[in-house]
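Q: Here you go, one structure.
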Amino acid sequence: MSRIGNNPITVPEGVTVEINDNVITAKGKLGELSQEYSDVEIKIEDGTISLTRPSEKKDHRAKHGLYRALIANMIEGVSNGFTKQLELVGVGYRASNQGQKLDLAIGFSHNIVMDIAPEVKVETITEKGKNPIVKLTSHDKQLVGQVAAKIRSFRKPEPYKGKGIKFVGEEIRRKAGKTA
């Protein structure tokens, strides 16, 4: 029994959900997202969306929970949006942005300049005495996560000093160094 798939999704005010032959579309104040689906039936009844599966086969059970989670994330995204914050930990590590271009100085010989997708808003916060923070905001949860993971992959946190790019609130497993 899929516990996630059986939960109904409540549609907040200001969000419209439409279904056209195996594509579900959600429109809200922050944008529009659509998702193809298969092997599940979707019913929209007075402000709630419920999903049912045709049989108890393994792939039907898996897709039941998957599509319920994807649709819930779409509705959450077009109504509230998603935010990821990355922290640059290290001496001399800096971040700045000009529009959709993110410029990272993270200890390499050259700065890394990255073009960010137009759906994602990028903002850099630099305060004296604190680590620089890169803030990514969008209505698409998958895209925000992908862009954040790409930025983090340039310099992953290392376990000895904790230097690198980490998510705000992420705990880094630390190791003791060599002792003489």
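Scheme for the structure tokens: letters A, B, ... for chains in order shown; per-chain residue numbers from 1; ligand numbers from 1 in order shown.
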Could you pull the residues within 8 Å of A:Ser50, counting only C-alpha atoms, minus those fewer than 6 positions along the same chain, as a PyMOL selection string?
A: chain A and resi 6-9+42-44
Q: Using DSSP on the backbone coordinates, identify the residues of stretch 7-149 of chain A assigned to strand (DSSP E); present them as an MDAnalysis selection string.
A: chainID A and resid 9:10 16:20 23:28 31:36 41:45 48:52 82:89 94:98 101:105 112:115 121:125 133:138
Q: Mind the document's chain letters and residue numbers, and return as a PDB file with N, CA and C atoms, in the first residue's frame the residues of stretch 31-163 of chain A that DSSP labels alpha helix (DSSP H).
A:
ATOM      1  N   LYS A  58       4.102  -4.050  -9.311  1.00  0.00           N
ATOM      2  CA  LYS A  58       5.179  -3.305  -8.661  1.00  0.00           C
ATOM      3  C   LYS A  58       5.385  -1.923  -9.294  1.00  0.00           C
ATOM      4  N   ASP A  59       5.399  -1.838 -10.639  1.00  0.00           N
ATOM      5  CA  ASP A  59       5.635  -0.542 -11.277  1.00  0.00           C
ATOM      6  C   ASP A  59       4.440   0.399 -11.097  1.00  0.00           C
ATOM      7  N   HIS A  60       3.218  -0.151 -11.002  1.00  0.00           N
ATOM      8  CA  HIS A  60       2.047   0.694 -10.732  1.00  0.00           C
ATOM      9  C   HIS A  60       2.120   1.268  -9.316  1.00  0.00           C
ATOM     10  N   ARG A  61       2.548   0.449  -8.360  1.00  0.00           N
ATOM     11  CA  ARG A  61       2.682   0.925  -6.981  1.00  0.00           C
ATOM     12  C   ARG A  61       3.747   2.020  -6.886  1.00  0.00           C
ATOM     13  N   ALA A  62       4.872   1.823  -7.618  1.00  0.00           N
ATOM     14  CA  ALA A  62       5.961   2.798  -7.584  1.00  0.00           C
ATOM     15  C   ALA A  62       5.519   4.130  -8.198  1.00  0.00           C
ATOM     16  N   LYS A  63       4.854   4.066  -9.346  1.00  0.00           N
ATOM     17  CA  LYS A  63       4.444   5.291 -10.036  1.00  0.00           C
ATOM     18  C   LYS A  63       3.336   6.026  -9.295  1.00  0.00           C
ATOM     19  N   HIS A  64       2.551   5.308  -8.506  1.00  0.00           N
ATOM     20  CA  HIS A  64       1.476   5.925  -7.723  1.00  0.00           C
ATOM     21  C   HIS A  64       2.044   6.990  -6.791  1.00  0.00           C
ATOM     22  N   GLY A  65       3.036   6.614  -5.991  1.00  0.00           N
ATOM     23  CA  GLY A  65       3.672   7.563  -5.065  1.00  0.00           C
ATOM     24  C   GLY A  65       4.499   8.612  -5.786  1.00  0.00           C
ATOM     25  N   LEU A  66       5.173   8.197  -6.880  1.00  0.00           N
ATOM     26  CA  LEU A  66       6.028   9.116  -7.638  1.00  0.00           C
ATOM     27  C   LEU A  66       5.222  10.286  -8.193  1.00  0.00           C
ATOM     28  N   TYR A  67       4.142   9.982  -8.908  1.00  0.00           N
ATOM     29  CA  TYR A  67       3.376  11.056  -9.544  1.00  0.00           C
ATOM     30  C   TYR A  67       2.640  11.910  -8.528  1.00  0.00           C
ATOM     31  N   ARG A  68       2.249  11.318  -7.411  1.00  0.00           N
ATOM     32  CA  ARG A  68       1.616  12.112  -6.348  1.00  0.00           C
ATOM     33  C   ARG A  68       2.610  13.141  -5.822  1.00  0.00           C
ATOM     34  N   ALA A  69       3.865  12.724  -5.603  1.00  0.00           N
ATOM     35  CA  ALA A  69       4.902  13.632  -5.099  1.00  0.00           C
ATOM     36  C   ALA A  69       5.241  14.704  -6.137  1.00  0.00           C
ATOM     37  N   LEU A  70       5.341  14.318  -7.412  1.00  0.00           N
ATOM     38  CA  LEU A  70       5.672  15.284  -8.463  1.00  0.00           C
ATOM     39  C   LEU A  70       4.582  16.348  -8.610  1.00  0.00           C
ATOM     40  N   ILE A  71       3.305  15.914  -8.564  1.00  0.00           N
ATOM     41  CA  ILE A  71       2.192  16.857  -8.699  1.00  0.00           C
ATOM     42  C   ILE A  71       2.138  17.780  -7.479  1.00  0.00           C
ATOM     43  N   ALA A  72       2.367  17.236  -6.284  1.00  0.00           N
ATOM     44  CA  ALA A  72       2.376  18.062  -5.068  1.00  0.00           C
ATOM     45  C   ALA A  72       3.490  19.106  -5.148  1.00  0.00           C
ATOM     46  N   ASN A  73       4.660  18.725  -5.671  1.00  0.00           N
ATOM     47  CA  ASN A  73       5.771  19.677  -5.817  1.00  0.00           C
ATOM     48  C   ASN A  73       5.468  20.748  -6.853  1.00  0.00           C
ATOM     49  N   MET A  74       4.753  20.372  -7.939  1.00  0.00           N
ATOM     50  CA  MET A  74       4.358  21.354  -8.947  1.00  0.00           C
ATOM     51  C   MET A  74       3.437  22.407  -8.336  1.00  0.00           C
ATOM     52  N   ILE A  75       2.446  21.958  -7.574  1.00  0.00           N
ATOM     53  CA  ILE A  75       1.468  22.871  -6.982  1.00  0.00           C
ATOM     54  C   ILE A  75       2.129  23.765  -5.933  1.00  0.00           C
ATOM     55  N   GLU A  76       3.001  23.183  -5.119  1.00  0.00           N
ATOM     56  CA  GLU A  76       3.766  23.960  -4.130  1.00  0.00           C
ATOM     57  C   GLU A  76       4.643  24.997  -4.829  1.00  0.00           C
ATOM     58  N   GLY A  77       5.257  24.612  -5.953  1.00  0.00           N
ATOM     59  CA  GLY A  77       6.161  25.498  -6.691  1.00  0.00           C
ATOM     60  C   GLY A  77       5.466  26.689  -7.309  1.00  0.00           C
ATOM     61  N   VAL A  78       4.318  26.466  -7.981  1.00  0.00           N
ATOM     62  CA  VAL A  78       3.643  27.585  -8.650  1.00  0.00           C
ATOM     63  C   VAL A  78       2.934  28.501  -7.655  1.00  0.00           C
ATOM     64  N   SER A  79       2.695  28.012  -6.412  1.00  0.00           N
ATOM     65  CA  SER A  79       2.055  28.885  -5.425  1.00  0.00           C
ATOM     66  C   SER A  79       3.082  29.583  -4.527  1.00  0.00           C
ATOM     67  N   LYS A 141      11.127  22.760  -8.618  1.00  0.00           N
ATOM     68  CA  LYS A 141      11.970  22.156  -7.582  1.00  0.00           C
ATOM     69  C   LYS A 141      13.136  21.376  -8.185  1.00  0.00           C
ATOM     70  N   GLN A 142      12.873  20.641  -9.258  1.00  0.00           N
ATOM     71  CA  GLN A 142      13.908  19.824  -9.886  1.00  0.00           C
ATOM     72  C   GLN A 142      15.020  20.693 -10.460  1.00  0.00           C
ATOM     73  N   LEU A 143      14.645  21.795 -11.110  1.00  0.00           N
ATOM     74  CA  LEU A 143      15.634  22.683 -11.718  1.00  0.00           C
ATOM     75  C   LEU A 143      16.498  23.383 -10.673  1.00  0.00           C
ATOM     76  N   VAL A 144      15.877  23.845  -9.571  1.00  0.00           N
ATOM     77  CA  VAL A 144      16.632  24.489  -8.487  1.00  0.00           C
ATOM     78  C   VAL A 144      17.642  23.522  -7.899  1.00  0.00           C
ATOM     79  N   GLY A 145      17.213  22.291  -7.646  1.00  0.00           N
ATOM     80  CA  GLY A 145      18.107  21.273  -7.092  1.00  0.00           C
ATOM     81  C   GLY A 145      19.252  20.943  -8.026  1.00  0.00           C
ATOM     82  N   GLN A 146      18.945  20.879  -9.325  1.00  0.00           N
ATOM     83  CA  GLN A 146      19.977  20.548 -10.316  1.00  0.00           C
ATOM     84  C   GLN A 146      21.022  21.655 -10.412  1.00  0.00           C
ATOM     85  N   VAL A 147      20.578  22.915 -10.449  1.00  0.00           N
ATOM     86  CA  VAL A 147      21.510  24.051 -10.528  1.00  0.00           C
ATOM     87  C   VAL A 147      22.348  24.121  -9.251  1.00  0.00           C
ATOM     88  N   ALA A 148      21.703  23.915  -8.084  1.00  0.00           N
ATOM     89  CA  ALA A 148      22.428  23.959  -6.806  1.00  0.00           C
ATOM     90  C   ALA A 148      23.468  22.840  -6.736  1.00  0.00           C
ATOM     91  N   ALA A 149      23.120  21.651  -7.211  1.00  0.00           N
ATOM     92  CA  ALA A 149      24.064  20.527  -7.197  1.00  0.00           C
ATOM     93  C   ALA A 149      25.236  20.792  -8.139  1.00  0.00           C
ATOM     94  N   LYS A 150      24.968  21.443  -9.275  1.00  0.00           N
ATOM     95  CA  LYS A 150      26.038  21.770 -10.225  1.00  0.00           C
ATOM     96  C   LYS A 150      27.009  22.772  -9.604  1.00  0.00           C
ATOM     97  N   ILE A 151      26.481  23.804  -8.924  1.00  0.00           N
ATOM     98  CA  ILE A 151      27.343  24.801  -8.268  1.00  0.00           C
ATOM     99  C   ILE A 151      28.159  24.129  -7.166  1.00  0.00           C
ATOM    100  N   ARG A 152      27.527  23.256  -6.377  1.00  0.00           N
ATOM    101  CA  ARG A 152      28.215  22.567  -5.279  1.00  0.00           C
ATOM    102  C   ARG A 152      29.316  21.654  -5.816  1.00  0.00           C
ATOM    103  N   SER A 153      29.110  21.078  -7.019  1.00  0.00           N
ATOM    104  CA  SER A 153      30.084  20.134  -7.575  1.00  0.00           C
ATOM    105  C   SER A 153      31.404  20.796  -7.973  1.00  0.00           C
TER     106      SER A 153
END
Q: With only C-alpha atoms as the atoms that count, which of A:Lys130, A:Lys135, A:Lys29, A:His110 lies nearest to A:Leu86?
A: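 Checking each candidate against A:Leu86, we get A:Lys135 as the closest.
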Q: Considering only C-alpha atoms, state which residue in the set A:Lys156, A:Lys178, A:Lys27, A:Lys166 is at the smallest distance from A:Asn80.
A: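 For A:Asn80, the nearest of the candidates is A:Lys27.
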